[in-house]
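Student: My file is protein_17.csv. It has CSV, C-alpha atoms and all ligand atoms:
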```
chain,number,residue,atom,x,y,z
A,1,MET,CA,-24.5,128.0,107.7
A,2,VAL,CA,-27.0,129.5,110.1
A,3,LEU,CA,-25.2,127.7,113.0
A,4,ALA,CA,-21.9,129.2,111.9
A,5,LEU,CA,-23.5,132.6,111.8
A,6,GLN,CA,-24.9,132.3,115.3
A,7,ARG,CA,-21.5,131.3,116.6
A,8,LEU,CA,-20.0,134.4,115.0
A,9,CYS,CA,-22.6,136.7,116.5
A,10,THR,CA,-22.4,135.2,120.0
A,11,SER,CA,-18.6,135.5,120.1
A,12,ALA,CA,-18.8,139.1,119.1
A,13,ILE,CA,-21.3,140.4,121.6
A,14,SER,CA,-22.8,139.3,124.9
A,15,CYS,CA,-25.8,137.0,125.0
A,16,HIS,CA,-28.1,139.7,126.3
A,17,ASN,CA,-27.1,142.2,123.6
A,18,TYR,CA,-27.3,139.4,121.0
A,19,GLN,CA,-31.0,138.8,121.9
A,20,MET,CA,-31.7,142.6,121.9
A,21,PHE,CA,-29.9,142.8,118.6
A,22,ASN,CA,-31.9,140.0,117.1
A,23,TRP,CA,-35.2,141.3,118.5
A,24,SER,CA,-34.7,144.7,116.9
A,25,LYS,CA,-33.5,143.1,113.6
A,26,ASN,CA,-36.5,140.8,113.4
A,27,ARG,CA,-38.9,143.8,114.2
A,28,ARG,CA,-37.3,145.8,111.4
A,29,ARG,CA,-37.6,142.9,109.0
A,30,LYS,CA,-41.3,142.4,109.9
A,31,ARG,CA,-41.8,146.1,109.2
A,32,ILE,CA,-40.1,145.8,105.8
A,33,LEU,CA,-42.3,142.8,104.9
A,34,THR,CA,-45.5,144.6,105.7
A,35,GLY,CA,-44.7,147.1,103.1
A,36,PRO,CA,-46.3,146.8,99.6
A,37,TRP,CA,-44.8,144.6,97.0
A,38,PRO,CA,-44.8,146.9,93.9
A,39,VAL,CA,-46.1,145.5,90.7
A,40,ALA,CA,-43.0,146.8,88.9
A,41,TRP,CA,-40.8,144.6,91.2
A,42,GLU,CA,-42.7,141.5,90.1
A,43,THR,CA,-42.0,142.5,86.4
A,44,ILE,CA,-38.3,143.0,87.3
A,45,LEU,CA,-38.1,139.5,88.9
A,46,THR,CA,-39.9,137.9,86.0
A,47,SER,CA,-37.8,139.5,83.3
A,48,SER,CA,-34.4,139.9,85.1
A,49,VAL,CA,-34.0,136.9,87.4
A,50,GLY,CA,-33.9,133.9,85.0
A,51,HIS,CA,-34.5,131.3,87.7
A,52,PHE,CA,-37.7,132.9,89.0
A,53,LYS,CA,-40.2,131.3,86.7
A,54,GLY,CA,-38.9,127.8,87.5
A,55,LEU,CA,-39.5,128.1,91.2
A,56,SER,CA,-42.5,126.7,93.0
A,57,ALA,CA,-45.2,129.2,94.2
A,58,ILE,CA,-43.9,128.8,97.8
A,59,GLU,CA,-40.3,129.4,96.7
A,60,GLN,CA,-41.4,132.4,94.6
A,61,GLY,CA,-43.1,133.9,97.8
A,62,LYS,CA,-39.9,133.3,99.8
A,63,LEU,CA,-37.8,134.9,97.1
A,64,ARG,CA,-40.0,138.0,97.1
A,65,ASP,CA,-39.6,138.3,100.9
A,66,ILE,CA,-35.8,137.8,100.8
A,67,THR,CA,-35.6,140.3,98.0
A,68,GLN,CA,-37.7,142.9,99.9
A,69,ILE,CA,-35.4,142.5,103.0
A,70,ILE,CA,-32.1,142.8,101.0
A,71,VAL,CA,-33.4,145.8,99.1
A,72,GLY,CA,-34.6,147.4,102.4
A,73,GLU,CA,-31.6,146.6,104.6
A,74,LYS,CA,-28.5,147.2,102.6
A,75,ASN,CA,-26.8,150.4,101.7
A,76,TRP,CA,-26.9,150.8,97.9
A,77,GLU,CA,-24.3,152.9,96.0
A,78,ALA,CA,-24.0,153.5,92.3
A,79,HIS,CA,-20.8,155.0,90.8
A,80,ASP,CA,-19.3,156.3,87.6
A,81,GLY,CA,-22.5,157.9,86.3
A,82,LEU,CA,-24.8,155.0,87.0
A,83,ALA,CA,-28.0,156.0,88.7
A,84,MET,CA,-29.3,153.7,91.4
A,85,SER,CA,-32.7,152.3,90.6
A,86,ASP,CA,-35.3,149.7,91.7
A,87,GLU,CA,-34.3,147.6,88.7
A,88,ILE,CA,-30.7,147.4,89.9
A,89,LYS,CA,-31.7,146.7,93.5
A,90,VAL,CA,-34.4,144.1,92.7
A,91,THR,CA,-32.3,142.3,90.1
A,92,ILE,CA,-29.3,141.9,92.4
A,93,SER,CA,-31.3,141.1,95.5
A,94,GLY,CA,-33.5,138.5,93.5
A,95,ASN,CA,-30.4,136.7,92.3
A,96,ALA,CA,-28.7,136.8,95.7
A,97,ALA,CA,-32.0,135.5,97.2
A,98,LEU,CA,-31.6,132.2,95.3
A,99,LEU,CA,-28.7,131.3,97.7
A,100,LEU,CA,-31.0,131.7,100.7
A,101,LEU,CA,-34.2,129.9,99.6
A,102,GLY,CA,-33.3,126.9,101.8
A,103,VAL,CA,-32.1,129.0,104.8
A,104,GLU,CA,-34.2,130.4,107.6
A,105,ASN,CA,-33.9,133.9,109.0
A,106,TYR,CA,-30.6,134.9,107.4
A,107,TYR,CA,-30.3,137.7,104.9
A,108,PHE,CA,-26.6,138.2,104.2
A,109,ASP,CA,-26.5,139.9,107.6
A,110,HIS,CA,-22.8,140.6,107.3
A,111,VAL,CA,-23.1,142.4,104.0
A,112,SER,CA,-23.6,146.1,104.7
A,113,THR,CA,-23.2,147.8,101.3
A,114,ILE,CA,-23.7,146.8,97.7
A,115,ILE,CA,-21.7,149.0,95.3
A,116,VAL,CA,-22.6,148.9,91.6
A,117,PHE,CA,-20.5,150.2,88.7
A,118,PRO,CA,-21.8,150.5,85.1
A,119,TYR,CA,-19.0,148.3,83.7
A,120,PRO,CA,-16.2,146.0,85.0
A,121,MET,CA,-13.9,147.9,87.3
A,122,ARG,CA,-10.4,148.8,86.3
A,123,ARG,CA,-7.8,148.4,89.0
A,124,GLU,CA,-4.3,149.8,89.5
A,125,THR,CA,-1.7,147.2,90.1
A,126,GLN,CA,1.1,147.9,92.6
A,127,ASP,CA,3.5,148.9,89.9
A,128,GLY,CA,1.0,151.6,88.8
A,129,LEU,CA,-0.2,149.9,85.6
A,130,ILE,CA,-3.9,149.9,84.9
A,131,VAL,CA,-5.3,146.4,84.7
A,132,GLY,CA,-7.9,146.1,81.9
A,133,GLY,CA,-9.1,143.9,79.1
A,134,LYS,CA,-9.6,140.3,80.1
A,135,THR,CA,-8.3,140.8,83.6
A,136,HIS,CA,-11.0,143.4,84.5
A,137,HIS,CA,-12.9,142.9,87.7
A,138,ALA,CA,-16.6,142.1,87.2
A,139,GLY,CA,-17.2,141.7,90.9
A,140,GLU,CA,-15.7,141.6,94.3
A,141,ALA,CA,-16.8,140.5,97.8
A,142,TRP,CA,-15.0,141.9,100.8
A,143,GLN,CA,-14.8,140.3,104.2
A,144,SER,CA,-15.6,143.8,105.6
A,145,GLY,CA,-19.1,143.7,104.2
A,146,GLN,CA,-19.0,145.2,100.8
A,147,VAL,CA,-20.0,143.6,97.5
A,148,VAL,CA,-18.9,145.3,94.3
A,149,LEU,CA,-20.6,144.4,91.0
A,150,SER,CA,-20.5,145.5,87.4
A,151,TRP,CA,-24.1,146.1,86.3
A,152,GLN,CA,-23.3,145.2,82.7
A,153,ASP,CA,-22.2,141.7,83.9
A,154,VAL,CA,-25.2,141.4,86.3
A,155,VAL,CA,-27.6,142.0,83.5
A,156,SER,CA,-26.0,139.7,80.9
A,157,ASP,CA,-25.6,136.8,83.5
A,158,SER,CA,-28.9,137.0,85.3
A,159,ARG,CA,-31.5,137.2,82.5
A,160,HIS,CA,-30.7,133.6,81.3
A,161,ALA,CA,-30.8,130.9,83.9
A,162,PHE,CA,-28.8,127.7,83.5
A,163,ASP,CA,-26.3,129.2,81.0
A,164,GLY,CA,-23.4,128.5,83.4
A,165,ARG,CA,-22.6,132.1,84.6
A,166,ASN,CA,-24.1,134.3,87.3
A,167,LEU,CA,-21.9,137.0,88.8
A,168,VAL,CA,-24.3,137.7,91.7
A,169,ILE,CA,-24.4,134.1,92.8
A,170,HIS,CA,-20.6,134.0,92.6
A,171,GLU,CA,-20.0,137.0,94.7
A,172,PHE,CA,-22.7,136.3,97.3
A,173,ALA,CA,-21.3,132.7,97.6
A,174,HIS,CA,-18.1,134.4,98.7
A,175,CYS,CA,-20.1,136.3,101.4
A,176,LEU,CA,-21.6,133.0,102.7
A,177,ASP,CA,-18.1,131.5,102.8
A,178,GLY,CA,-17.0,134.5,104.9
A,179,ILE,CA,-19.6,133.9,107.7
A,180,ASP,CA,-16.9,132.1,109.7
A,181,GLY,CA,-14.6,135.1,109.5
A,182,GLU,CA,-12.6,134.0,106.5
A,183,MET,CA,-13.4,133.5,102.8
A,184,GLY,CA,-11.3,130.3,102.4
A,185,GLY,CA,-13.8,127.8,101.0
A,186,SER,CA,-14.2,125.8,104.3
A,187,LEU,CA,-17.9,125.3,105.0
A,188,HIS,CA,-19.6,124.4,108.3
A,189,PHE,CA,-22.4,121.9,108.1
A,190,ASP,CA,-24.8,120.8,110.9
A,191,ASP,CA,-22.6,117.8,111.7
A,192,PRO,CA,-18.8,117.7,111.8
A,193,ALA,CA,-18.5,114.5,109.7
A,194,THR,CA,-20.1,116.3,106.7
A,195,SER,CA,-17.9,119.4,107.3
A,196,GLU,CA,-14.9,117.0,107.1
A,197,ARG,CA,-16.2,115.3,104.0
A,198,TRP,CA,-16.6,118.7,102.4
A,199,ARG,CA,-13.0,119.4,103.1
A,200,GLN,CA,-11.9,116.2,101.5
A,201,VAL,CA,-14.1,116.4,98.4
A,202,CYS,CA,-13.3,120.1,98.0
A,203,ASN,CA,-9.6,119.4,98.2
A,204,SER,CA,-9.6,116.6,95.7
A,205,GLU,CA,-12.0,118.4,93.2
A,206,PHE,CA,-9.8,121.5,93.5
A,207,GLU,CA,-6.6,119.6,92.7
A,208,ALA,CA,-8.3,117.8,89.8
A,209,LEU,CA,-9.5,121.2,88.4
A,210,LYS,CA,-6.0,122.7,88.8
A,211,THR,CA,-4.5,119.8,86.9
A,212,ALA,CA,-7.1,120.0,84.1
A,213,ALA,CA,-6.5,123.8,83.8
A,214,GLN,CA,-2.7,123.2,83.5
A,215,LEU,CA,-3.3,120.6,80.8
A,216,GLY,CA,-6.0,122.6,79.1
A,217,GLN,CA,-8.5,119.8,79.4
A,218,PRO,CA,-12.2,120.8,79.1
A,219,THR,CA,-14.0,121.0,82.4
A,220,LEU,CA,-17.6,121.8,83.6
A,221,LEU,CA,-16.2,124.0,86.4
A,222,ASP,CA,-14.6,127.2,85.2
A,223,TYR,CA,-10.8,127.2,85.4
A,224,TYR,CA,-11.1,130.3,87.6
A,225,GLY,CA,-12.1,127.9,90.4
A,226,ALA,CA,-8.5,126.6,90.4
A,227,THR,CA,-7.2,130.0,91.6
A,228,ASN,CA,-7.7,129.1,95.3
A,229,MET,CA,-10.2,127.3,97.6
A,230,ALA,CA,-12.4,130.5,98.0
A,231,GLU,CA,-12.7,130.8,94.2
A,232,PHE,CA,-13.3,127.0,94.0
A,233,PHE,CA,-16.4,127.3,96.3
A,234,ALA,CA,-17.7,130.4,94.5
A,235,VAL,CA,-17.3,128.7,91.0
A,236,ALA,CA,-18.8,125.4,92.3
A,237,SER,CA,-21.8,127.4,93.7
A,238,GLU,CA,-22.3,129.2,90.4
A,239,THR,CA,-22.2,125.8,88.6
A,240,PHE,CA,-24.6,124.3,91.2
A,241,PHE,CA,-27.2,126.9,90.5
A,242,GLU,CA,-26.5,127.3,86.8
A,243,ASN,CA,-25.7,123.8,85.6
A,244,PRO,CA,-27.1,121.5,88.3
A,245,ARG,CA,-27.8,118.5,86.1
A,246,GLN,CA,-24.3,118.4,84.6
A,247,LEU,CA,-22.8,119.0,88.0
A,248,LYS,CA,-24.8,116.0,89.5
A,249,HIS,CA,-23.7,113.9,86.5
A,250,GLN,CA,-20.0,114.8,86.5
A,251,HIS,CA,-19.3,115.6,90.2
A,252,SER,CA,-22.0,113.7,92.1
A,253,GLU,CA,-20.6,114.0,95.6
A,254,LEU,CA,-19.7,117.7,95.2
A,255,PHE,CA,-23.3,118.2,94.0
A,256,GLY,CA,-24.8,116.2,97.0
A,257,LEU,CA,-22.8,118.3,99.5
A,258,LEU,CA,-23.9,121.5,97.9
A,259,VAL,CA,-27.5,120.3,98.2
A,260,LYS,CA,-26.9,119.7,101.9
A,261,TYR,CA,-25.3,123.2,102.3
A,262,TYR,CA,-27.9,125.2,100.4
A,263,HIS,CA,-30.9,123.0,101.3
A,264,VAL,CA,-32.2,123.2,97.7
A,265,ASP,CA,-31.9,121.2,94.5
A,266,PRO,CA,-31.9,123.6,91.6
A,267,ARG,CA,-32.6,120.7,89.1
A,268,SER,CA,-36.2,121.1,90.1
A,269,TRP,CA,-36.2,124.7,88.8
A,270,MET,CA,-35.1,123.6,85.3
A,271,PRO,CA,-37.4,123.1,82.4
A,272,GLN,CA,-38.4,119.4,82.2
A,273,ILE,CA,-36.6,117.4,79.5
A,274,ARG,CA,-39.2,115.6,77.3
B,301,ZN,ZN,-14.5,135.1,93.1
```
Please render this file's structure as structure tokens.
Tutor:
Amino acid sequence: MVLALQRLCTSAISCHNYQMFNWSKNRRRKRILTGPWPVAWETILTSSVGHFKGLSAIEQGKLRDITQIIVGEKNWEAHDGLAMSDEIKVTISGNAALLLLGVENYYFDHVSTIIVFPYPMRRETQDGLIVGGKTHHAGEAWQSGQVVLSWQDVVSDSRHAFDGRNLVIHEFAHCLDGIDGEMGGSLHFDDPATSERWRQVCNSEFEALKTAAQLGQPTLLDYYGATNMAEFFAVASETFFENPRQLKHQHSELFGLLVKYYHVDPRSWMPQIR
């Protein structure tokens, strides 16, 4: 995914400007990382990012660095009476950082703004009706660089690791998917053969999920993944980080490809089975 990102940057600006852009970006990040790591932030990671305590010491250090950069670099907005706080920023950044633990020098560069609402958003449909109830929007990721999240859902999903749901992971997986300019579920691996294998496995898993959803058969992957290929990747990522053992057991090749994509194996973060 880093290669895909670099391709996107070089096609957008000249090589010289790209180097200058990277130089100033790296300098800014170094400055952020020389800042203090507040004790209160450690408490937030420990209590609000369920995966944190299962990480190795090296991974915990990297997660702190990524968290610090995301908190420091993004524009943060709170709406509908919610007051922006370190708890909100660190909880969201710490969960998003899980997706980047195996990646070097990438910090959701194409996400500019994280917008947080206290509760799921209600949207007006085209015919003017208000959408509510079970069809509410807990989160959205826009190709233009905004991520919108319901704080209520962030809190309930992120405190407990490995319970199958994590809104932040879901929305930030969409952001990774969008690095190539389109959130469509097509991933770019280091070698073209693996990218092609992803396309094949993803298509066949998507079709199987769609059929199971139509027949009402129980599935590990949430039916929402049968909506389209973008949602399939976001749901598969959520399951990869939240239910890695079951995903490996039931969808072995999909799991293996996601290990290659994220460069981590979340099974090592889970409590050992005795
Ligand atoms: Zn989604």
Student: For a test of reading the model, state the distance in Å between CA of Glu140 in chain A and CA of Tyr262 in chain A, rounded to one decimal.
Tutor: 21.3 Å
Student: Would you kindly return, as a ChimeraX atom specification, each protein, DNA or RNA residue with an atom no farther than 12 Å from any atom of Leu176 in chain A, considering all atoms listed in the file and excluding same-chain residues fewer than 3 positions away?
Tutor: /A:1-2,4-5,96,99-100,103,106-111,141-143,145,147,169-173,179-188,230,233-234,237,261-262
Student: Report as a list of chain:residue names all protein, DNA and RNA residues lying within 12 Å of Gly61 in chain A, evaluated on all atoms listed in the file, omitting residues in the same chain fewer than 3 positions from it.
Tutor: A:Leu33, A:Trp37, A:Glu42, A:Leu45, A:Phe52, A:Lys53, A:Leu55, A:Ser56, A:Ala57, A:Ile58, A:Arg64, A:Asp65, A:Ile66, A:Thr67, A:Gln68, A:Gly94, A:Ala97, A:Leu98, A:Leu101
Student: I want to know what sits within 12 Å of Arg199 in chain A, based on all atoms listed in the file, with residues of the same chain fewer than 3 positions away left out; could you give that as a list in words?
Tutor: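 After dropping sequence-adjacent residues, the list is Gly184, Gly185, Ser186, Leu187, His188, Phe189, Pro192, Ala193, Thr194, Ser195, Glu196, Cys202, Asn203, Ser204, Glu205, Phe206, Met229, Phe232, Phe233, Glu253, Leu254 and Leu257 of chain A.
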Student: I'd like the interatomic distance between CA of Ile32 in chain A and CA of Gly178 in chain A, to a tenth of an Å.
Tutor: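 A separation of 25.7 Å between them.
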Student: What does the distance between CA of Val155 in chain A and CA of Asp265 in chain A come to in Å, to one decimal place?
Tutor: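 Interatomic distance, CA of Val155 in chain A to CA of Asp265 in chain A: 23.9 Å.
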Student: Restricting the calculation to only C-alpha atoms and all ligand atoms: of A:Cys175, A:Val90, A:Val154, A:Ile115, which residue gets closest to ligand ZN 301 (chain B)?
Tutor: A:Cys175
Student: With distances taken over all atoms listed in the file, which residue among A:Asn166, A:Ser252, A:Asn22, A:Thr219 lies nearest ligand ZN 301 (chain B)?
Tutor: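 Among the listed residues, A:Asn166 lies closest to ligand ZN 301 (chain B).
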Student: Of the candidates A:Gln250, A:Thr227, A:Gln214, A:Gln272, which one gets nearest to ligand ZN 301 (chain B) if we count all atoms listed in the file?
Tutor: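 Using all atoms listed in the file, ligand ZN 301 (chain B) sits closest to A:Thr227.
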Student: Give the answer as one residue: which of A:Gly164, A:Glu207, A:Gly139, A:Asp177 has the shortest atom-to-atom distance to ligand ZN 301 (chain B), using all atoms listed in the file?
Tutor: A:Gly139
Student: For ligand ZN 301 (chain B), which residue out of A:Arg29, A:His174, A:Arg159, A:His51 is the nearest one, using all atoms listed in the file?
Tutor: A:His174
Student: Which one is closest to Ser150 in chain A: A:Gly256, A:Glu87, A:Ala78, A:Ala212? Count all atoms listed in the file.
Tutor: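 Counting all atoms listed in the file, the residue closest to Ser150 in chain A is A:Ala78.
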Student: Taking 5 positions as the minimum chain separation for residues in the same chain, which residues sit within 10 Å of Asp153 in chain A when counting only C-alpha atoms? Answer as a list in words.
Tutor: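 Listing them by chain and then by number gives Phe117, Pro118, Tyr119, Pro120, Ala138, Gly139, Ser158, Arg165, Asn166, Leu167 and Val168 of chain A.
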Student: I'd like the neighbourhood of Ala161 in chain A as a list in words, where a residue qualifies if any of its atoms comes within 8 Å (using all atoms listed in the file), though same-chain residues fewer than 4 positions away should be ignored.
Tutor: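 Surrounding residues, per the criterion: Val49, Gly50, His51, Asp157 and Glu242 of chain A.
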